[in-house]
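Colleague: Below is the file structure.pdb, which contains PDB, C-alpha atoms and all ligand atoms.
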ATOM      1  CA  MET A  73     106.316  20.116 110.792
ATOM      2  CA  THR A  74     108.136  19.656 107.444
ATOM      3  CA  THR A  75     110.930  22.017 106.333
ATOM      4  CA  GLU A  76     108.598  23.531 103.765
ATOM      5  CA  GLN A  77     105.980  24.184 106.440
ATOM      6  CA  ALA A  78     108.596  25.719 108.753
ATOM      7  CA  ALA A  79     109.745  28.042 105.960
ATOM      8  CA  MET A  80     106.148  29.121 105.285
ATOM      9  CA  SER A  81     105.684  29.740 108.991
ATOM     10  CA  LEU A  82     108.642  32.130 109.007
ATOM     11  CA  ALA A  83     107.285  34.047 105.982
ATOM     12  CA  GLY A  84     103.988  34.773 107.758
ATOM     13  CA  GLU A  85     105.848  35.401 111.020
ATOM     14  CA  ASP A  86     103.201  33.444 112.873
ATOM     15  CA  ARG A  87     100.525  36.018 112.140
ATOM     16  CA  VAL A  88      96.859  35.124 112.468
ATOM     17  CA  ALA A  89      94.293  35.962 109.777
ATOM     18  CA  LEU A  90      90.504  35.670 109.899
ATOM     19  CA  ILE A  91      88.714  35.200 106.564
ATOM     20  CA  THR A  92      84.912  35.264 106.594
ATOM     21  CA  GLY A  93      82.949  33.282 104.008
ATOM     22  CA  ALA A  94      85.875  31.052 103.115
ATOM     23  CA  SER A  95      84.320  27.642 102.474
ATOM     24  CA  ARG A  96      84.577  28.254  98.723
ATOM     25  CA  GLY A  97      85.161  30.853  95.991
ATOM     26  CA  ILE A  98      87.226  33.993  96.614
ATOM     27  CA  GLY A  99      87.378  33.395 100.382
ATOM     28  CA  LEU A 100      88.825  29.895 100.006
ATOM     29  CA  ALA A 101      91.359  31.088  97.396
ATOM     30  CA  THR A 102      92.428  33.853  99.831
ATOM     31  CA  ALA A 103      92.734  31.349 102.683
ATOM     32  CA  ARG A 104      94.946  29.104 100.507
ATOM     33  CA  LEU A 105      97.244  31.984  99.630
ATOM     34  CA  LEU A 106      97.543  33.207 103.231
ATOM     35  CA  VAL A 107      98.321  29.673 104.414
ATOM     36  CA  ARG A 108     101.012  29.392 101.712
ATOM     37  CA  ARG A 109     102.485  32.651 103.061
ATOM     38  CA  GLY A 110     102.714  31.062 106.521
ATOM     39  CA  TYR A 111      99.751  32.723 108.247
ATOM     40  CA  ARG A 112      97.756  30.747 110.766
ATOM     41  CA  ILE A 113      94.172  31.189 109.704
ATOM     42  CA  VAL A 114      90.602  31.025 110.944
ATOM     43  CA  ILE A 115      87.912  30.586 108.312
ATOM     44  CA  THR A 116      84.166  30.986 108.698
ATOM     45  CA  ALA A 117      81.082  30.040 106.683
ATOM     46  CA  ARG A 118      77.481  29.293 107.458
ATOM     47  CA  GLN A 119      77.488  25.523 106.825
ATOM     48  CA  GLU A 120      79.593  23.190 108.947
ATOM     49  CA  SER A 121      79.755  20.558 106.171
ATOM     50  CA  ASP A 122      81.141  23.055 103.597
ATOM     51  CA  LEU A 123      83.711  24.265 106.128
ATOM     52  CA  ALA A 124      84.906  20.724 106.861
ATOM     53  CA  ARG A 125      85.801  20.239 103.166
ATOM     54  CA  ALA A 126      87.669  23.556 103.059
ATOM     55  CA  VAL A 127      89.586  22.818 106.274
ATOM     56  CA  ALA A 128      90.724  19.422 104.929
ATOM     57  CA  ASP A 129      91.934  21.137 101.739
ATOM     58  CA  LEU A 130      93.829  23.839 103.711
ATOM     59  CA  ARG A 131      95.345  21.536 106.346
ATOM     60  CA  ALA A 132      97.045  19.639 103.525
ATOM     61  CA  LEU A 133      99.067  22.862 103.061
ATOM     62  CA  HIS A 134      99.612  23.818 106.734
ATOM     63  CA  PRO A 135      98.267  22.503 110.048
ATOM     64  CA  GLY A 136      97.496  25.958 111.493
ATOM     65  CA  VAL A 137      93.900  26.155 110.241
ATOM     66  CA  SER A 138      90.788  26.597 112.403
ATOM     67  CA  SER A 139      87.172  27.064 111.403
ATOM     68  CA  TYR A 140      84.001  28.500 112.853
ATOM     69  CA  ALA A 141      80.500  27.875 111.491
ATOM     70  CA  GLY A 142      77.791  30.531 111.739
ATOM     71  CA  ASP A 143      76.254  33.671 110.295
ATOM     72  CA  CYS A 144      78.751  36.478 110.738
ATOM     73  CA  ALA A 145      75.991  39.092 110.755
ATOM     74  CA  ASP A 146      74.723  37.559 114.007
ATOM     75  CA  PRO A 147      76.169  39.379 117.046
ATOM     76  CA  GLY A 148      76.178  36.206 119.207
ATOM     77  CA  VAL A 149      78.096  34.247 116.554
ATOM     78  CA  VAL A 150      80.617  37.055 116.058
ATOM     79  CA  ASN A 151      81.259  37.450 119.793
ATOM     80  CA  ASP A 152      81.871  33.701 120.152
ATOM     81  CA  LEU A 153      84.105  33.662 117.058
ATOM     82  CA  ILE A 154      86.380  36.446 118.302
ATOM     83  CA  ARG A 155      86.449  35.003 121.827
ATOM     84  CA  SER A 156      87.610  31.665 120.400
ATOM     85  CA  ILE A 157      90.372  33.404 118.390
ATOM     86  CA  GLN A 158      91.513  35.197 121.546
ATOM     87  CA  ARG A 159      91.531  31.895 123.486
ATOM     88  CA  ASP A 160      93.182  29.712 120.802
ATOM     89  CA  PHE A 161      95.667  32.156 119.246
ATOM     90  CA  GLY A 162      95.876  35.155 121.598
ATOM     91  CA  ARG A 163      96.232  37.539 118.656
ATOM     92  CA  LEU A 164      94.664  38.677 115.374
ATOM     93  CA  ASP A 165      96.653  40.478 112.661
ATOM     94  CA  VAL A 166      94.444  40.393 109.557
ATOM     95  CA  VAL A 167      90.681  40.421 108.972
ATOM     96  CA  VAL A 168      89.325  39.761 105.479
ATOM     97  CA  ASN A 169      85.626  40.656 105.400
ATOM     98  CA  ASN A 170      84.740  38.522 102.393
ATOM     99  CA  ALA A 171      81.343  36.997 103.316
ATOM    100  CA  GLY A 172      78.614  38.257 101.017
ATOM    101  CA  GLY A 173      76.902  37.739  97.717
ATOM    102  CA  SER A 174      73.918  38.771  95.634
ATOM    103  CA  HIS A 175      70.985  36.497  95.175
ATOM    104  CA  HIS A 176      68.764  38.156  92.625
ATOM    105  CA  ALA A 177      68.863  40.673  89.804
ATOM    106  CA  SER A 178      65.343  42.062  90.317
ATOM    107  CA  ASP A 179      64.192  45.510  89.312
ATOM    108  CA  PHE A 180      64.170  48.054  92.125
ATOM    109  CA  ALA A 181      60.347  48.013  92.199
ATOM    110  CA  ALA A 182      60.337  44.265  92.907
ATOM    111  CA  LEU A 183      62.724  44.377  95.873
ATOM    112  CA  SER A 184      60.964  43.717  99.189
ATOM    113  CA  PRO A 185      61.978  45.156 102.573
ATOM    114  CA  GLU A 186      63.161  41.606 103.411
ATOM    115  CA  ASP A 187      65.444  41.568 100.322
ATOM    116  CA  TRP A 188      67.006  44.847 101.485
ATOM    117  CA  ASP A 189      67.474  43.582 105.036
ATOM    118  CA  GLN A 190      69.029  40.297 103.901
ATOM    119  CA  THR A 191      71.420  41.868 101.394
ATOM    120  CA  LEU A 192      72.573  44.725 103.645
ATOM    121  CA  ARG A 193      72.984  42.320 106.550
ATOM    122  CA  GLN A 194      75.017  39.783 104.561
ATOM    123  CA  ASN A 195      77.254  42.250 102.698
ATOM    124  CA  LEU A 196      77.626  45.274 104.977
ATOM    125  CA  LYS A 197      76.470  44.613 108.522
ATOM    126  CA  SER A 198      78.516  41.394 108.726
ATOM    127  CA  ALA A 199      81.743  43.296 107.933
ATOM    128  CA  VAL A 200      80.883  46.086 110.367
ATOM    129  CA  MET A 201      80.120  43.655 113.161
ATOM    130  CA  VAL A 202      83.175  41.425 112.715
ATOM    131  CA  THR A 203      85.446  44.479 112.531
ATOM    132  CA  GLN A 204      83.984  46.109 115.629
ATOM    133  CA  VAL A 205      84.195  43.012 117.813
ATOM    134  CA  ALA A 206      87.719  42.190 116.534
ATOM    135  CA  LEU A 207      88.991  45.738 117.155
ATOM    136  CA  PRO A 208      90.572  45.262 120.619
ATOM    137  CA  LEU A 209      92.583  42.258 119.328
ATOM    138  CA  LEU A 210      93.618  44.125 116.168
ATOM    139  CA  LYS A 211      94.681  47.212 118.144
ATOM    140  CA  ALA A 212      96.829  45.046 120.411
ATOM    141  CA  THR A 213      99.082  44.005 117.493
ATOM    142  CA  GLY A 214     100.045  47.621 116.684
ATOM    143  CA  SER A 215     100.127  46.928 112.908
ATOM    144  CA  ALA A 216      96.980  45.092 111.852
ATOM    145  CA  SER A 217      95.222  45.160 108.510
ATOM    146  CA  ILE A 218      91.582  44.893 107.439
ATOM    147  CA  VAL A 219      90.536  44.111 103.855
ATOM    148  CA  ASN A 220      86.882  44.442 102.844
ATOM    149  CA  VAL A 221      85.607  42.667  99.739
ATOM    150  CA  SER A 222      83.284  44.991  97.824
ATOM    151  CA  SER A 223      82.495  44.649  94.116
ATOM    152  CA  LYS A 224      82.799  46.461  90.820
ATOM    153  CA  ALA A 225      79.031  46.811  91.309
ATOM    154  CA  GLY A 226      79.758  49.149  94.247
ATOM    155  CA  ARG A 227      81.896  51.379  91.991
ATOM    156  CA  HIS A 228      79.865  51.396  88.792
ATOM    157  CA  ARG A 229      76.562  50.224  87.263
ATOM    158  CA  THR A 230      76.000  46.490  86.754
ATOM    159  CA  ASP A 231      73.869  44.042  84.759
ATOM    160  CA  MET A 232      74.476  41.258  87.267
ATOM    161  CA  ALA A 233      72.811  42.459  90.491
ATOM    162  CA  ALA A 234      70.094  44.705  91.940
ATOM    163  CA  CYS A 235      70.051  48.044  93.801
ATOM    164  CA  ASP A 236      70.272  46.421  97.258
ATOM    165  CA  TYR A 237      73.602  44.691  96.450
ATOM    166  CA  VAL A 238      75.018  47.790  94.729
ATOM    167  CA  ALA A 239      74.087  49.963  97.734
ATOM    168  CA  ALA A 240      75.602  47.452 100.198
ATOM    169  CA  LYS A 241      78.875  47.180  98.265
ATOM    170  CA  ALA A 242      79.111  50.980  97.804
ATOM    171  CA  GLY A 243      78.477  51.267 101.569
ATOM    172  CA  LEU A 244      81.421  48.971 102.226
ATOM    173  CA  ILE A 245      83.690  51.319 100.256
ATOM    174  CA  GLY A 246      82.533  54.331 102.337
ATOM    175  CA  PHE A 247      82.960  52.295 105.523
ATOM    176  CA  THR A 248      86.524  51.413 104.434
ATOM    177  CA  ARG A 249      87.526  55.048 103.891
ATOM    178  CA  GLN A 250      86.078  56.388 107.131
ATOM    179  CA  LEU A 251      87.440  53.525 109.212
ATOM    180  CA  ALA A 252      90.902  53.976 107.654
ATOM    181  CA  GLN A 253      90.812  57.603 108.779
ATOM    182  CA  GLU A 254      89.805  56.609 112.322
ATOM    183  CA  LEU A 255      92.136  53.648 112.777
ATOM    184  CA  GLY A 256      95.284  54.969 111.062
ATOM    185  CA  PRO A 257      96.590  56.465 114.323
ATOM    186  CA  CYS A 258      96.258  52.989 115.954
ATOM    187  CA  GLY A 259      98.483  51.465 113.243
ATOM    188  CA  ILE A 260      95.577  49.651 111.592
ATOM    189  CA  ARG A 261      95.274  49.857 107.804
ATOM    190  CA  VAL A 262      91.825  49.421 106.191
ATOM    191  CA  ASN A 263      91.462  48.743 102.469
ATOM    192  CA  CYS A 264      89.001  47.311 100.010
ATOM    193  CA  VAL A 265      89.080  45.136  96.889
ATOM    194  CA  ALA A 266      86.395  45.590  94.227
ATOM    195  CA  PRO A 267      86.327  42.458  92.040
ATOM    196  CA  GLY A 268      84.687  42.249  88.652
ATOM    197  CA  ILE A 269      82.869  39.057  87.701
ATOM    198  CA  THR A 270      84.849  36.139  89.114
ATOM    199  CA  VAL A 271      84.265  32.539  88.128
ATOM    200  CA  THR A 272      83.042  30.847  91.298
ATOM    201  CA  ALA A 273      80.446  28.048  91.392
ATOM    202  CA  ARG A 274      77.676  30.500  92.450
ATOM    203  CA  VAL A 275      78.420  32.936  89.640
ATOM    204  CA  GLU A 276      78.912  30.231  87.006
ATOM    205  CA  GLN A 277      75.440  28.872  87.702
ATOM    206  CA  ARG A 278      73.790  32.311  87.300
ATOM    207  CA  TRP A 279      75.920  33.179  84.277
ATOM    208  CA  ASP A 280      74.840  30.023  82.456
ATOM    209  CA  GLN A 281      71.210  31.155  82.781
ATOM    210  CA  ARG A 282      71.912  34.477  81.024
ATOM    211  CA  PRO A 283      70.908  34.889  77.330
ATOM    212  CA  GLU A 284      73.817  34.469  74.878
ATOM    213  CA  ARG A 285      73.390  38.081  73.644
ATOM    214  CA  ILE A 286      73.873  39.505  77.178
ATOM    215  CA  ARG A 287      76.838  37.218  77.833
ATOM    216  CA  ALA A 288      78.563  38.410  74.646
ATOM    217  CA  GLN A 289      77.914  42.054  75.630
ATOM    218  CA  VAL A 290      79.365  41.617  79.122
ATOM    219  CA  ILE A 291      82.535  39.902  77.845
ATOM    220  CA  ALA A 292      82.946  42.572  75.149
ATOM    221  CA  GLY A 293      83.019  45.189  77.941
ATOM    222  CA  ILE A 294      86.109  43.636  79.559
ATOM    223  CA  PRO A 295      89.367  44.754  77.882
ATOM    224  CA  LEU A 296      91.140  41.582  79.065
ATOM    225  CA  GLY A 297      88.314  39.588  77.436
ATOM    226  CA  ARG A 298      87.550  37.164  80.260
ATOM    227  CA  PHE A 299      86.332  36.895  83.843
ATOM    228  CA  ALA A 300      88.651  36.701  86.868
ATOM    229  CA  ARG A 301      89.751  33.512  88.579
ATOM    230  CA  PRO A 302      89.280  33.519  92.395
ATOM    231  CA  GLU A 303      93.084  33.310  92.776
ATOM    232  CA  GLU A 304      93.474  36.643  90.961
ATOM    233  CA  ILE A 305      91.203  38.394  93.468
ATOM    234  CA  ALA A 306      92.911  36.588  96.362
ATOM    235  CA  ALA A 307      96.303  37.944  95.203
ATOM    236  CA  ALA A 308      95.014  41.540  95.527
ATOM    237  CA  ILE A 309      93.483  40.856  98.951
ATOM    238  CA  VAL A 310      96.676  39.276 100.282
ATOM    239  CA  PHE A 311      98.783  42.132  98.876
ATOM    240  CA  LEU A 312      96.667  44.724 100.726
ATOM    241  CA  ALA A 313      96.762  42.611 103.903
ATOM    242  CA  SER A 314     100.556  42.266 103.826
ATOM    243  CA  ASP A 315     103.453  44.551 104.760
ATOM    244  CA  GLU A 316     104.046  45.093 101.025
ATOM    245  CA  ALA A 317     101.096  47.520 101.273
ATOM    246  CA  SER A 318     102.387  49.144 104.475
ATOM    247  CA  TYR A 319     101.680  52.725 103.263
ATOM    248  CA  ILE A 320      98.297  51.996 101.667
ATOM    249  CA  THR A 321      95.129  52.695 103.632
ATOM    250  CA  GLY A 322      91.598  53.797 102.729
ATOM    251  CA  ALA A 323      92.106  52.522  99.170
ATOM    252  CA  THR A 324      89.780  50.524  96.948
ATOM    253  CA  LEU A 325      91.631  48.364  94.443
ATOM    254  CA  ASP A 326      89.701  47.597  91.230
ATOM    255  CA  VAL A 327      90.426  44.052  90.023
ATOM    256  CA  ASN A 328      88.180  43.751  87.006
ATOM    257  CA  GLY A 329      90.191  43.191  83.817
ATOM    258  CA  GLY A 330      89.657  46.848  82.906
ATOM    259  CA  ALA A 331      85.828  46.613  82.852
ATOM    260  CA  PHE A 332      85.703  49.775  84.984
ATOM    261  CA  MET A 333      88.626  52.176  85.212
ATOM    262  CA  GLY A 334      87.887  54.622  88.034
TER
HETATM  263  P1  LIG B   1      80.585  32.337  97.205
HETATM  264  O1  LIG B   1      79.086  32.317  97.201
HETATM  265  O2  LIG B   1      81.327  31.401  96.326
HETATM  266  O3  LIG B   1      81.088  32.125  98.703
HETATM  267  C1  LIG B   1      80.543  32.950  99.709
HETATM  268  C2  LIG B   1      81.021  32.438 101.034
HETATM  269  O4  LIG B   1      80.517  33.361 102.025
HETATM  270  C3  LIG B   1      80.483  31.081 101.420
HETATM  271  O5  LIG B   1      81.487  30.429 102.171
HETATM  272  C4  LIG B   1      79.288  31.400 102.329
HETATM  273  O6  LIG B   1      79.014  30.386 103.277
HETATM  274  C5  LIG B   1      79.818  32.631 103.036
HETATM  275  N1  LIG B   1      78.834  33.539 103.588
HETATM  276  C6  LIG B   1      77.932  34.294 102.930
HETATM  277  N2  LIG B   1      77.219  35.017 103.808
HETATM  278  C7  LIG B   1      77.697  34.718 105.039
HETATM  279  C8  LIG B   1      77.385  35.117 106.344
HETATM  280  N3  LIG B   1      76.407  36.023 106.590
HETATM  281  N4  LIG B   1      78.085  34.585 107.380
HETATM  282  C9  LIG B   1      79.074  33.685 107.152
HETATM  283  N5  LIG B   1      79.426  33.272 105.935
HETATM  284  C10 LIG B   1      78.740  33.777 104.906
HETATM  285  O7  LIG B   1      81.024  33.848  96.971
HETATM  286  P2  LIG B   1      82.169  34.488  96.059
HETATM  287  O8  LIG B   1      81.628  34.597  94.674
HETATM  288  O9  LIG B   1      83.475  33.847  96.305
HETATM  289  O10 LIG B   1      82.161  35.975  96.652
HETATM  290  C11 LIG B   1      82.948  36.348  97.773
HETATM  291  C12 LIG B   1      82.801  37.841  97.976
HETATM  292  O11 LIG B   1      83.199  38.522  96.784
HETATM  293  C13 LIG B   1      81.372  38.283  98.277
HETATM  294  O12 LIG B   1      81.394  39.348  99.200
HETATM  295  C14 LIG B   1      80.882  38.777  96.920
HETATM  296  O13 LIG B   1      79.845  39.731  97.050
HETATM  297  C15 LIG B   1      82.159  39.380  96.363
HETATM  298  N6  LIG B   1      82.197  39.461  94.897
HETATM  299  C16 LIG B   1      82.102  38.324  94.147
HETATM  300  C17 LIG B   1      82.129  38.450  92.757
HETATM  301  C18 LIG B   1      82.031  37.253  91.861
HETATM  302  O14 LIG B   1      81.807  37.444  90.653
HETATM  303  N7  LIG B   1      82.189  36.036  92.352
HETATM  304  C19 LIG B   1      82.272  39.712  92.164
HETATM  305  C20 LIG B   1      82.368  40.837  92.980
HETATM  306  C21 LIG B   1      82.344  40.702  94.350
END
The structure in this file should be written as structure tokens.
Modeller:
Amino acid sequence: MTTEQAAMSLAGEDRVALITGASRGIGLATARLLVRRGYRIVITARQESDLARAVADLRALHPGVSSYAGDCADPGVVNDLIRSIQRDFGRLDVVVNNAGGSHHASDFAALSPEDWDQTLRQNLKSAVMVTQVALPLLKATGSASIVNVSSKAGRHRTDMAACDYVAAKAGLIGFTRQLAQELGPCGIRVNCVAPGITVTARVEQRWDQRPERIRAQVIAGIPLGRFARPEEIAAAIVFLASDEASYITGATLDVNGGAFMG
């Protein structure tokens, strides 16, 4: 271990963080920042090949990086994931429920029961399941922290997604508040970040397909006049996960350039 790595290790005090959906985008930016703070991390995503690229990127910063491939809305996958964290690390201090996304912007009338199932499963049920299975490990630390990644769409109307995504992300905010109330006495803080549009590869592709008129309108609605970078969302997530936010629980932090001021 180099001196720089040893110093980072001290800063994170050897804590272990799990970040779901971290092969790219906001999840990967969060993983990078946690690794730089000295956390040992476990990242998940659905595709093994995507994860391998992310792990190589992160191990260049710190060797304490593990990965687990699978759908984190699948109970079997989640049970195996948490069991492997227990076996390999023996502790879990931070969970970032980041996995999610929206895949269409259909009208309500066009959404099928399968669309609803897929979107609620990917954005809400995955966070619920990971949190529930991880709970005994989190309780054992005495001061753990959970950060859920919602969306500005869960706080306000949107032009970028459909009712299923908005309902799932609003559900995550309600879940955050109620869980914070329940887990406060166990020393576990539960918070949420609600990002505005953030320039990841998935979003960039969909944005480029939007008519120029709509793009101009969306940008005009952001006081800071631009979209977020993944690193800017990661900074808010890591703040809420850290001891710097030791008296914050049940909160949803809007990180949207002023596009919605709650
Ligand atoms: P992305 O598509 O770039 O990356 C998503 C990651 O999640 C990938 O690693 C993917 O494999 C993983 N993933 C998705 N579903 C999963 C599942 N069921 N099990 C395991 N892994 C899964 O996404 P992003 O744009 O970085 O978004 C990250 C989070 O932020 C999502 O919850 C998204 O809804 C939210 N968000 C994004 C934006 C934005 O503009 N990018 C805005 C608001 C909220």
Colleague: Pick out the residues no farther than 6 Å from ligand LIG 1 (chain B), counting all atoms listed in the file, and list them as a PDB file with C-alpha atoms, in the frame of the given file.
Modeller:
ATOM      1  CA  THR A  92      84.912  35.264 106.594  1.00  0.00           C
ATOM      2  CA  GLY A  93      82.949  33.282 104.008  1.00  0.00           C
ATOM      3  CA  ALA A  94      85.875  31.052 103.115  1.00  0.00           C
ATOM      4  CA  SER A  95      84.320  27.642 102.474  1.00  0.00           C
ATOM      5  CA  ARG A  96      84.577  28.254  98.723  1.00  0.00           C
ATOM      6  CA  GLY A  97      85.161  30.853  95.991  1.00  0.00           C
ATOM      7  CA  ILE A  98      87.226  33.993  96.614  1.00  0.00           C
ATOM      8  CA  GLY A  99      87.378  33.395 100.382  1.00  0.00           C
ATOM      9  CA  THR A 116      84.166  30.986 108.698  1.00  0.00           C
ATOM     10  CA  ALA A 117      81.082  30.040 106.683  1.00  0.00           C
ATOM     11  CA  ARG A 118      77.481  29.293 107.458  1.00  0.00           C
ATOM     12  CA  GLY A 142      77.791  30.531 111.739  1.00  0.00           C
ATOM     13  CA  ASP A 143      76.254  33.671 110.295  1.00  0.00           C
ATOM     14  CA  CYS A 144      78.751  36.478 110.738  1.00  0.00           C
ATOM     15  CA  ALA A 145      75.991  39.092 110.755  1.00  0.00           C
ATOM     16  CA  ASN A 170      84.740  38.522 102.393  1.00  0.00           C
ATOM     17  CA  ALA A 171      81.343  36.997 103.316  1.00  0.00           C
ATOM     18  CA  GLY A 172      78.614  38.257 101.017  1.00  0.00           C
ATOM     19  CA  GLY A 173      76.902  37.739  97.717  1.00  0.00           C
ATOM     20  CA  GLN A 194      75.017  39.783 104.561  1.00  0.00           C
ATOM     21  CA  VAL A 221      85.607  42.667  99.739  1.00  0.00           C
ATOM     22  CA  SER A 222      83.284  44.991  97.824  1.00  0.00           C
ATOM     23  CA  SER A 223      82.495  44.649  94.116  1.00  0.00           C
ATOM     24  CA  PRO A 267      86.327  42.458  92.040  1.00  0.00           C
ATOM     25  CA  GLY A 268      84.687  42.249  88.652  1.00  0.00           C
ATOM     26  CA  ILE A 269      82.869  39.057  87.701  1.00  0.00           C
ATOM     27  CA  THR A 270      84.849  36.139  89.114  1.00  0.00           C
ATOM     28  CA  VAL A 271      84.265  32.539  88.128  1.00  0.00           C
ATOM     29  CA  THR A 272      83.042  30.847  91.298  1.00  0.00           C
ATOM     30  CA  ARG A 274      77.676  30.500  92.450  1.00  0.00           C
ATOM     31  CA  VAL A 275      78.420  32.936  89.640  1.00  0.00           C
TER      32      VAL A 275
END
Colleague: Specify the axis-aligned box that encloses all atoms of segment 190-194 of chain A listed in the file after padding of 5 Å on each side, stating its centre and edge lengths in Å to one decimal as JSON.
Modeller:
{"center_x": 72.0, "center_y": 42.3, "center_z": 104.0, "size_x": 16.0, "size_y": 14.9, "size_z": 15.2}
Colleague: Name the residues that the PyMOL selection byres (((chain A and resi 202) around 8) and not hetatm) picks from the file above, as a VMD selection string, using the file's chain letters and numbers.
Modeller: chain A and resid 144 to 145 150 169 198 to 201 203 to 206
Colleague: Please produce a file of those selected residues containing C-alpha atoms, as a PDB file, keeping the file's coordinate frame.
Modeller:
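As a result, part.pdb now contains:
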ATOM      1  CA  CYS A 144      78.751  36.478 110.738  1.00  0.00           C
ATOM      2  CA  ALA A 145      75.991  39.092 110.755  1.00  0.00           C
ATOM      3  CA  VAL A 150      80.617  37.055 116.058  1.00  0.00           C
ATOM      4  CA  ASN A 169      85.626  40.656 105.400  1.00  0.00           C
ATOM      5  CA  SER A 198      78.516  41.394 108.726  1.00  0.00           C
ATOM      6  CA  ALA A 199      81.743  43.296 107.933  1.00  0.00           C
ATOM      7  CA  VAL A 200      80.883  46.086 110.367  1.00  0.00           C
ATOM      8  CA  MET A 201      80.120  43.655 113.161  1.00  0.00           C
ATOM      9  CA  THR A 203      85.446  44.479 112.531  1.00  0.00           C
ATOM     10  CA  GLN A 204      83.984  46.109 115.629  1.00  0.00           C
ATOM     11  CA  VAL A 205      84.195  43.012 117.813  1.00  0.00           C
ATOM     12  CA  ALA A 206      87.719  42.190 116.534  1.00  0.00           C
TER      13      ALA A 206
END
Colleague: Might you pull out every residue within 10 Å of Arg112 of chain A, with all atoms listed in the file counted and same-chain residues fewer than 6 positions away left off, and present them as JSON, numbers by chain?
Modeller: {"A": [81, 84, 85, 86, 87, 88, 89, 90, 103, 106, 134, 135, 136, 137, 138, 161, 164, 165]}
Colleague: The PyMOL selection byres (((chain A and resi 224-236) around 9) and not hetatm) on the file shown: which residues, as a PyMOL selection string?
Modeller: chain A and resi 174-180+183+187-189+191-192+222-223+237-245+265-269+278-279+286+290+326-328+331-332+334
Colleague: Determine the residue membership of the PyMOL selection byres (((chain A and resi 209) around 10) and not hetatm) for the file above and supply it as a PyMOL selection string.
Modeller: chain A and resi 154-155+157-158+162-165+205-208+210-214+216
Colleague: One number please: atom CA of Gly256 of chain A to atom CA of Val107 of chain A, in Å, one decimal.
Modeller: 26.3 Å
Colleague: When you draw a straight line from atom CA of Pro283 of chain A to atom CA of Leu296 of chain A, how long is it in Å?
Modeller: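 Distance reported for this atom pair: 21.4 Å.
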Colleague: Which distance in Å separates atom CA of Leu100 of chain A and atom CA of Leu133 of chain A, to one decimal?
Modeller: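 Going from atom CA of Leu100 of chain A over to atom CA of Leu133 of chain A, I get 12.8 Å.
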Colleague: When distances are computed from all atoms listed in the file, which of A:Arg287, A:Leu130, A:Tyr140, A:Val262 shows the smallest separation from Val219 of chain A?
Modeller: A:Val262
Colleague: From the list A:Arg301, A:Arg109, A:Arg249, A:Arg159, which residue is nearest Ile218 of chain A when using only C-alpha atoms?
Modeller: A:Arg249
Colleague: Tell me which of A:Glu284, A:Glu304, A:Glu186, A:Asp122 sits closest to Leu105 of chain A, counting only C-alpha atoms.
Modeller: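 Ranked by minimum distance to Leu105 of chain A, first place goes to A:Glu304.
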Colleague: Restricting the calculation to all atoms listed in the file, which member of A:Ala101, A:Ala181, A:Val167, A:Cys264 is positioned closest to Glu303 of chain A?
Modeller: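 Closest to Glu303 of chain A, using all atoms listed in the file: A:Ala101.
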Colleague: Hey, could you patch up segment 234-245 of chain A with N, CA and C atoms and hand it over as an mmCIF file, keeping the file's coordinate frame?
Modeller:
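Okay, selection34.cif is ready:
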data_model
loop_
_atom_site.group_PDB
_atom_site.id
_atom_site.type_symbol
_atom_site.label_atom_id
_atom_site.label_comp_id
_atom_site.auth_asym_id
_atom_site.auth_seq_id
_atom_site.Cartn_x
_atom_site.Cartn_y
_atom_site.Cartn_z
ATOM 1 N N ALA A 234 71.125 43.687 91.749
ATOM 2 C CA ALA A 234 70.094 44.705 91.940
ATOM 3 C C ALA A 234 70.586 45.832 92.848
ATOM 4 N N CYS A 235 69.705 46.838 93.029
ATOM 5 C CA CYS A 235 70.051 48.044 93.801
ATOM 6 C C CYS A 235 70.505 47.725 95.228
ATOM 7 N N ASP A 236 69.915 46.717 95.860
ATOM 8 C CA ASP A 236 70.272 46.421 97.258
ATOM 9 C C ASP A 236 71.747 46.008 97.368
ATOM 10 N N TYR A 237 72.205 45.163 96.442
ATOM 11 C CA TYR A 237 73.602 44.691 96.450
ATOM 12 C C TYR A 237 74.546 45.858 96.129
ATOM 13 N N VAL A 238 74.169 46.658 95.127
ATOM 14 C CA VAL A 238 75.018 47.790 94.729
ATOM 15 C C VAL A 238 75.164 48.770 95.903
ATOM 16 N N ALA A 239 74.047 49.038 96.590
ATOM 17 C CA ALA A 239 74.087 49.963 97.734
ATOM 18 C C ALA A 239 74.945 49.380 98.865
ATOM 19 N N ALA A 240 74.820 48.077 99.117
ATOM 20 C CA ALA A 240 75.602 47.452 100.198
ATOM 21 C C ALA A 240 77.091 47.514 99.881
ATOM 22 N N LYS A 241 77.453 47.213 98.621
ATOM 23 C CA LYS A 241 78.875 47.180 98.265
ATOM 24 C C LYS A 241 79.465 48.591 98.187
ATOM 25 N N ALA A 242 78.643 49.588 97.781
ATOM 26 C CA ALA A 242 79.111 50.980 97.804
ATOM 27 C C ALA A 242 79.276 51.418 99.262
ATOM 28 N N GLY A 243 78.380 50.958 100.134
ATOM 29 C CA GLY A 243 78.477 51.267 101.569
ATOM 30 C C GLY A 243 79.771 50.744 102.166
ATOM 31 N N LEU A 244 80.192 49.577 101.708
ATOM 32 C CA LEU A 244 81.421 48.971 102.226
ATOM 33 C C LEU A 244 82.646 49.823 101.844
ATOM 34 N N ILE A 245 82.581 50.456 100.691
ATOM 35 C CA ILE A 245 83.690 51.319 100.256
ATOM 36 C C ILE A 245 83.749 52.580 101.144
#
